[in-house]
>>> print(open('model-v2.cif').read())   # mmCIF, C-alpha atoms
data_model
#
loop_
_atom_site.label_atom_id
_atom_site.label_comp_id
_atom_site.auth_asym_id
_atom_site.auth_seq_id
_atom_site.Cartn_x
_atom_site.Cartn_y
_atom_site.Cartn_z
CA MET N 281 0.00 0.00 0.00
CA ILE N 282 1.41 3.35 -1.05
CA ALA N 283 0.80 6.33 1.23
CA SER N 284 -0.56 9.38 -0.54
CA PRO N 285 0.63 12.79 0.61
CA HIS N 286 -2.99 13.97 1.16
CA ARG N 287 -4.09 11.01 3.18
CA GLU N 288 -5.06 11.80 6.75
CA GLU N 289 -3.68 9.28 9.18
CA PRO N 290 -5.21 8.81 12.61
CA PHE N 291 -3.08 9.09 15.69
CA LEU N 292 -3.76 8.93 19.40
CA GLN N 293 -3.77 11.91 21.72
CA SER N 294 -1.59 11.15 24.69
CA SER N 295 -3.04 13.87 26.97
CA SER N 296 -6.55 12.47 26.91
CA PRO N 297 -7.54 9.83 29.47
CA PHE N 298 -9.51 8.03 26.77
CA PRO N 299 -7.45 7.66 23.63
CA ARG N 300 -9.38 8.25 20.43
CA PRO N 301 -8.35 8.71 16.84
CA VAL N 302 -7.99 12.34 15.69
CA THR N 303 -7.37 13.38 12.13
CA LYS N 304 -5.15 16.29 11.14
CA SER N 305 -6.18 18.36 8.15
CA PRO N 306 -3.95 21.05 6.69
CA HIS N 307 -6.81 22.25 4.42
CA GLY N 308 -8.77 25.04 6.15
CA PHE N 309 -11.03 25.80 9.06
CA SER N 310 -13.47 23.70 10.98
CA LEU N 311 -17.16 24.48 11.15
CA VAL N 312 -16.83 25.70 14.76
CA GLU N 313 -14.06 28.14 13.80
CA CYS N 314 -16.13 29.52 10.93
CA ALA N 315 -19.20 29.93 13.16
CA LEU N 316 -17.17 31.80 15.80
CA ALA N 317 -15.61 34.07 13.19
CA LEU N 318 -19.03 34.88 11.73
CA GLY N 319 -20.37 35.61 15.22
CA VAL N 320 -17.54 38.07 15.96
CA VAL N 321 -17.99 39.83 12.60
CA ALA N 322 -21.77 40.02 13.05
CA PHE N 323 -21.37 41.49 16.55
CA ALA N 324 -18.97 44.15 15.22
CA LEU N 325 -21.28 45.07 12.31
CA VAL N 326 -24.34 45.35 14.56
CA SER N 327 -22.39 47.65 16.89
CA ILE N 328 -21.27 49.86 14.03
CA MET N 329 -24.75 50.01 12.51
CA GLY N 330 -26.14 51.04 15.91
CA LEU N 331 -23.81 54.06 15.96
CA MET N 332 -24.74 55.25 12.46
CA PRO N 333 -27.84 57.29 13.48
CA LEU N 334 -25.85 59.08 16.19
CA GLY N 335 -23.08 59.91 13.75
CA LEU N 336 -25.50 61.18 11.13
CA ALA N 337 -27.32 63.36 13.68
CA ALA N 338 -24.03 64.85 14.87
CA PHE N 339 -22.98 65.49 11.27
CA SER N 340 -26.29 67.20 10.49
CA LYS N 341 -25.98 69.40 13.58
CA ALA N 342 -22.42 70.35 12.62
CA VAL N 343 -23.53 71.31 9.11
CA ASP N 344 -26.37 73.46 10.53
CA THR N 345 -23.95 75.19 12.93
CA SER N 346 -21.44 75.88 10.17
CA THR N 347 -24.10 77.21 7.81
CA GLY N 348 -25.62 79.29 10.63
CA SER N 349 -22.29 80.95 11.41
CA ARG N 350 -21.79 81.74 7.71
CA ILE N 351 -25.26 83.30 7.58
CA VAL N 352 -24.63 85.36 10.75
CA GLN N 353 -21.39 86.69 9.24
CA GLN N 354 -23.21 87.77 6.07
CA VAL N 355 -26.04 89.46 7.99
CA VAL N 356 -23.66 91.29 10.34
CA THR N 357 -21.58 92.48 7.37
CA ASP N 358 -24.73 93.76 5.63
CA LEU N 359 -25.86 95.60 8.78
CA GLN N 360 -22.44 97.14 9.40
CA GLN N 361 -22.37 98.49 5.84
CA SER N 362 -25.89 99.93 5.98
CA PRO N 363 -26.20 103.66 6.84
CA THR N 364 -28.87 103.07 9.52
CA LEU N 365 -30.20 100.17 11.54
CA PRO N 366 -33.99 100.08 11.26
CA ALA N 367 -35.79 98.26 14.06
CA GLN N 368 -37.37 95.74 11.69
CA GLN N 369 -35.55 94.16 8.76
CA PRO N 370 -37.23 92.17 5.99
CA PHE N 371 -36.71 88.42 5.97
CA ARG N 372 -33.52 87.19 4.35
CA TYR N 373 -33.42 83.80 2.66
CA PHE N 374 -30.51 81.38 2.32
CA ASP N 375 -30.11 77.97 0.70
CA VAL N 376 -28.69 74.82 2.30
CA GLU N 377 -25.10 76.03 1.68
CA GLY N 378 -25.67 79.46 3.21
CA THR N 379 -25.87 81.34 -0.11
CA ARG N 380 -28.27 84.27 -0.10
CA GLN N 381 -31.44 83.89 -2.20
CA ALA N 382 -33.46 86.75 -3.65
CA SER N 383 -36.83 85.57 -2.37
CA GLY N 384 -38.48 82.95 -0.20
CA SER N 385 -39.68 80.86 -3.13
CA ALA N 386 -37.57 78.53 -5.24
CA GLN N 387 -36.24 80.15 -8.38
CA PRO N 388 -35.47 78.27 -11.60
CA GLY N 389 -31.97 76.82 -11.55
CA ALA N 390 -31.36 77.73 -7.89
CA PRO N 391 -31.78 75.58 -4.78
CA ALA N 392 -34.82 76.30 -2.63
CA PRO N 393 -34.23 78.50 0.43
CA ILE N 394 -34.03 76.45 3.61
CA TYR N 395 -32.97 79.10 6.13
CA HIS N 396 -35.17 82.13 6.82
CA VAL N 397 -33.46 84.91 8.76
CA ASN N 398 -35.20 87.47 10.94
CA THR N 399 -33.29 90.38 12.49
CA VAL N 400 -34.52 92.48 15.39
CA VAL N 401 -32.58 95.66 16.25
CA THR N 402 -32.82 97.12 19.75
CA SER N 403 -31.01 100.35 20.63
CA SER N 404 -28.66 100.07 23.58
CA SER N 405 -28.22 103.39 25.30
CA ARG N 406 -25.99 102.35 28.20
CA LEU N 407 -23.05 100.03 28.67
CA PRO N 408 -22.86 97.85 31.79
CA GLY N 409 -20.66 100.52 33.51
CA GLY N 410 -23.41 103.11 33.00
CA GLU N 411 -21.68 104.94 30.15
CA GLU N 412 -23.61 106.17 27.13
CA SER N 413 -23.06 104.21 23.93
CA ASN N 414 -23.94 104.29 20.30
CA LEU N 415 -24.45 100.52 20.09
CA ALA N 416 -27.43 98.49 19.04
CA THR N 417 -28.18 94.91 20.01
CA VAL N 418 -29.10 92.88 16.95
CA LEU N 419 -30.90 89.59 17.47
CA ILE N 420 -30.39 87.33 14.45
CA GLU N 421 -32.87 84.45 14.28
CA ILE N 422 -32.17 81.66 11.79
CA ALA N 423 -35.17 79.41 11.18
CA LYS N 424 -34.48 76.11 9.43
CA ASN N 425 -37.65 75.81 7.42
CA PRO N 426 -37.20 72.99 4.86
CA LYS N 427 -40.92 72.78 4.02
CA GLY N 428 -41.22 76.52 3.32
CA GLU N 429 -43.98 77.11 5.86
CA THR N 430 -45.14 80.65 6.63
CA LEU N 431 -43.29 82.13 9.58
CA GLU N 432 -44.95 84.51 12.00
CA ARG N 433 -43.43 87.30 14.08
CA ASN N 434 -44.62 88.21 17.55
CA SER N 435 -46.15 91.70 17.23
CA GLY N 436 -44.66 92.96 20.52
CA THR N 437 -41.13 91.55 20.43
CA ARG N 438 -40.82 91.14 16.61
CA LYS N 439 -39.25 87.71 17.29
CA LEU N 440 -40.20 84.57 15.39
CA VAL N 441 -42.99 82.42 16.82
CA GLU N 442 -41.95 78.81 17.52
CA LYS N 443 -43.67 76.16 15.37
CA PRO N 444 -43.34 72.38 15.32
CA GLY N 445 -40.93 71.15 12.65
CA ILE N 446 -39.04 74.44 12.48
CA SER N 447 -35.85 74.87 14.48
CA ILE N 448 -34.78 78.40 15.36
CA ALA N 449 -31.23 79.40 16.36
CA ARG N 450 -30.76 82.83 17.93
CA PHE N 451 -27.59 84.95 17.97
CA ALA N 452 -27.16 88.35 19.65
CA VAL N 453 -24.60 90.81 18.26
CA LEU N 454 -23.62 94.40 19.19
CA ILE N 455 -23.28 96.75 16.21
CA ALA N 456 -22.42 100.45 16.14
CA ASN N 457 -25.36 102.71 15.29
CA LYS N 458 -24.15 105.26 12.75
CA GLU N 459 -27.22 107.43 13.08
CA PRO N 460 -29.16 107.37 16.38
CA GLN N 461 -32.72 106.16 16.07
CA PRO N 462 -35.50 108.54 17.16
#
>>> encode(input="model-v2.cif", output="structure tokens")
Amino acid sequence: MIASPHREEPFLQSSSPFPRPVTKSPHGFSLVECALALGVVAFALVSIMGLMPLGLAAFSKAVDTSTGSRIVQQVVTDLQQSPTLPAQQPFRYFDVEGTRQASGSAQPGAPAPIYHVNTVVTSSSRLPGGEESNLATVLIEIAKNPKGETLERNSGTRKLVEKPGISIARFAVLIANKEPQP
């Protein structure tokens, strides 16, 4: 009888109290090893998939914050360059990237405005030390309004009225009044 190189020959394990034949195979993994490997991979994938919604929410919040700061910079620059600061400004509209739009409705070839900006100017006559100033407090409200719903202002405070489905971020800025308001 000629021994083939691929023939598995039984041998006895000496460490076992009951000797039994065991075969050695140089050709791959056992079923138990494959099942354990699949279990470890499945556990890792389930863990990663569970973190995806948190990561996406954090990313969305970071994008909104970045776009909001870009919008605030544009509004403050516009107000600093204007000759006067009227108490009520018209709405400003911005798209998802923070680019200013001409109106609140979607225009052909341009993305629809997502952010609606309300500004409320309040004259500040005194600084905290009691000194007179020529500063105005500007409240910049950025409403993320993806559905394009109608926004309402409170008649007394001129601030935006909260609505479900619309998130509003508020920023207060001090700007020099070039001409005092009456």
>>> closest_residue(input="model-v2.cif", among="N:Ser310, N:Gln381, N:Thr437, N:Ser447", to="Asp344 of chain N", atoms="all atoms listed in the file")
N:Ser447
>>> atom_distance(input="model-v2.cif", atom1="atom CA of Tyr395 of chain N", atom2="atom CA of Leu334 of chain N")
23.5 Å
>>> atom_distance(input="model-v2.cif", atom1="atom CA of Phe323 of chain N", atom2="atom CA of Phe309 of chain N")
20.2 Å
>>> residues_around(input="model-v2.cif", residues="Arg380 of chain N", least_positions_apart="2", cutoff="12 Å", atoms="only C-alpha atoms", output="list in words")
Thr347, Arg350, Ile351, Val352, Gln353, Gln354, Val355, Asp358, Phe371, Arg372, Tyr373, Phe374, Asp375, Val376, Glu377, Gly378, Ala382, Ser383, Gly384, Ala390, Pro391, Ala392, Pro393, Ile394, Tyr395, His396 and Val397 of chain N
>>> closest_residue(input="model-v2.cif", among="N:Leu336, N:Met329, N:Val418, N:Leu316", to="Pro366 of chain N", atoms="all atoms listed in the file")
N:Val418
>>> residues_around(input="model-v2.cif", residues="Lys427 of chain N", least_positions_apart="2", cutoff="9 Å", atoms="only C-alpha atoms", output="list in words")
Ile394, Asn425, Glu429, Gly445 and Ile446 of chain N
>>> residues_around(input="model-v2.cif", residues="Arg438 of chain N", least_positions_apart="2", cutoff="10 Å", atoms="all atoms listed in the file", output="number ranges by chain")
N: 367-369, 398-401, 432-436, 440-441
>>> resolve_selection(input="model-v2.cif", expression="the PyMOL selection byres ((chain N and resi 457) around 10)", output="number ranges by chain")
N: 359-360, 362-366, 403-404, 413-417, 454-456, 458-461
>>> write_last_selection(input="model-v2.cif", atoms="C-alpha atoms", output="PDB file, in the frame of the given file")
ATOM      1  CA  LEU N 359     -25.860  95.600   8.780  1.00  0.00           C
ATOM      2  CA  GLN N 360     -22.440  97.140   9.400  1.00  0.00           C
ATOM      3  CA  SER N 362     -25.890  99.930   5.980  1.00  0.00           C
ATOM      4  CA  PRO N 363     -26.200 103.660   6.840  1.00  0.00           C
ATOM      5  CA  THR N 364     -28.870 103.070   9.520  1.00  0.00           C
ATOM      6  CA  LEU N 365     -30.200 100.170  11.540  1.00  0.00           C
ATOM      7  CA  PRO N 366     -33.990 100.080  11.260  1.00  0.00           C
ATOM      8  CA  SER N 403     -31.010 100.350  20.630  1.00  0.00           C
ATOM      9  CA  SER N 404     -28.660 100.070  23.580  1.00  0.00           C
ATOM     10  CA  SER N 413     -23.060 104.210  23.930  1.00  0.00           C
ATOM     11  CA  ASN N 414     -23.940 104.290  20.300  1.00  0.00           C
ATOM     12  CA  LEU N 415     -24.450 100.520  20.090  1.00  0.00           C
ATOM     13  CA  ALA N 416     -27.430  98.490  19.040  1.00  0.00           C
ATOM     14  CA  THR N 417     -28.180  94.910  20.010  1.00  0.00           C
ATOM     15  CA  LEU N 454     -23.620  94.400  19.190  1.00  0.00           C
ATOM     16  CA  ILE N 455     -23.280  96.750  16.210  1.00  0.00           C
ATOM     17  CA  ALA N 456     -22.420 100.450  16.140  1.00  0.00           C
ATOM     18  CA  LYS N 458     -24.150 105.260  12.750  1.00  0.00           C
ATOM     19  CA  GLU N 459     -27.220 107.430  13.080  1.00  0.00           C
ATOM     20  CA  PRO N 460     -29.160 107.370  16.380  1.00  0.00           C
ATOM     21  CA  GLN N 461     -32.720 106.160  16.070  1.00  0.00           C
TER      22      GLN N 461
END
>>> closest_residue(input="model-v2.cif", among="N:Gly319, N:Gly410, N:Pro333, N:Gly348", to="Ile448 of chain N", atoms="only C-alpha atoms")
N:Gly348
>>> atom_distance(input="model-v2.cif", atom1="atom CA of Ala449 of chain N", atom2="atom CA of Ser346 of chain N")
12.1 Å
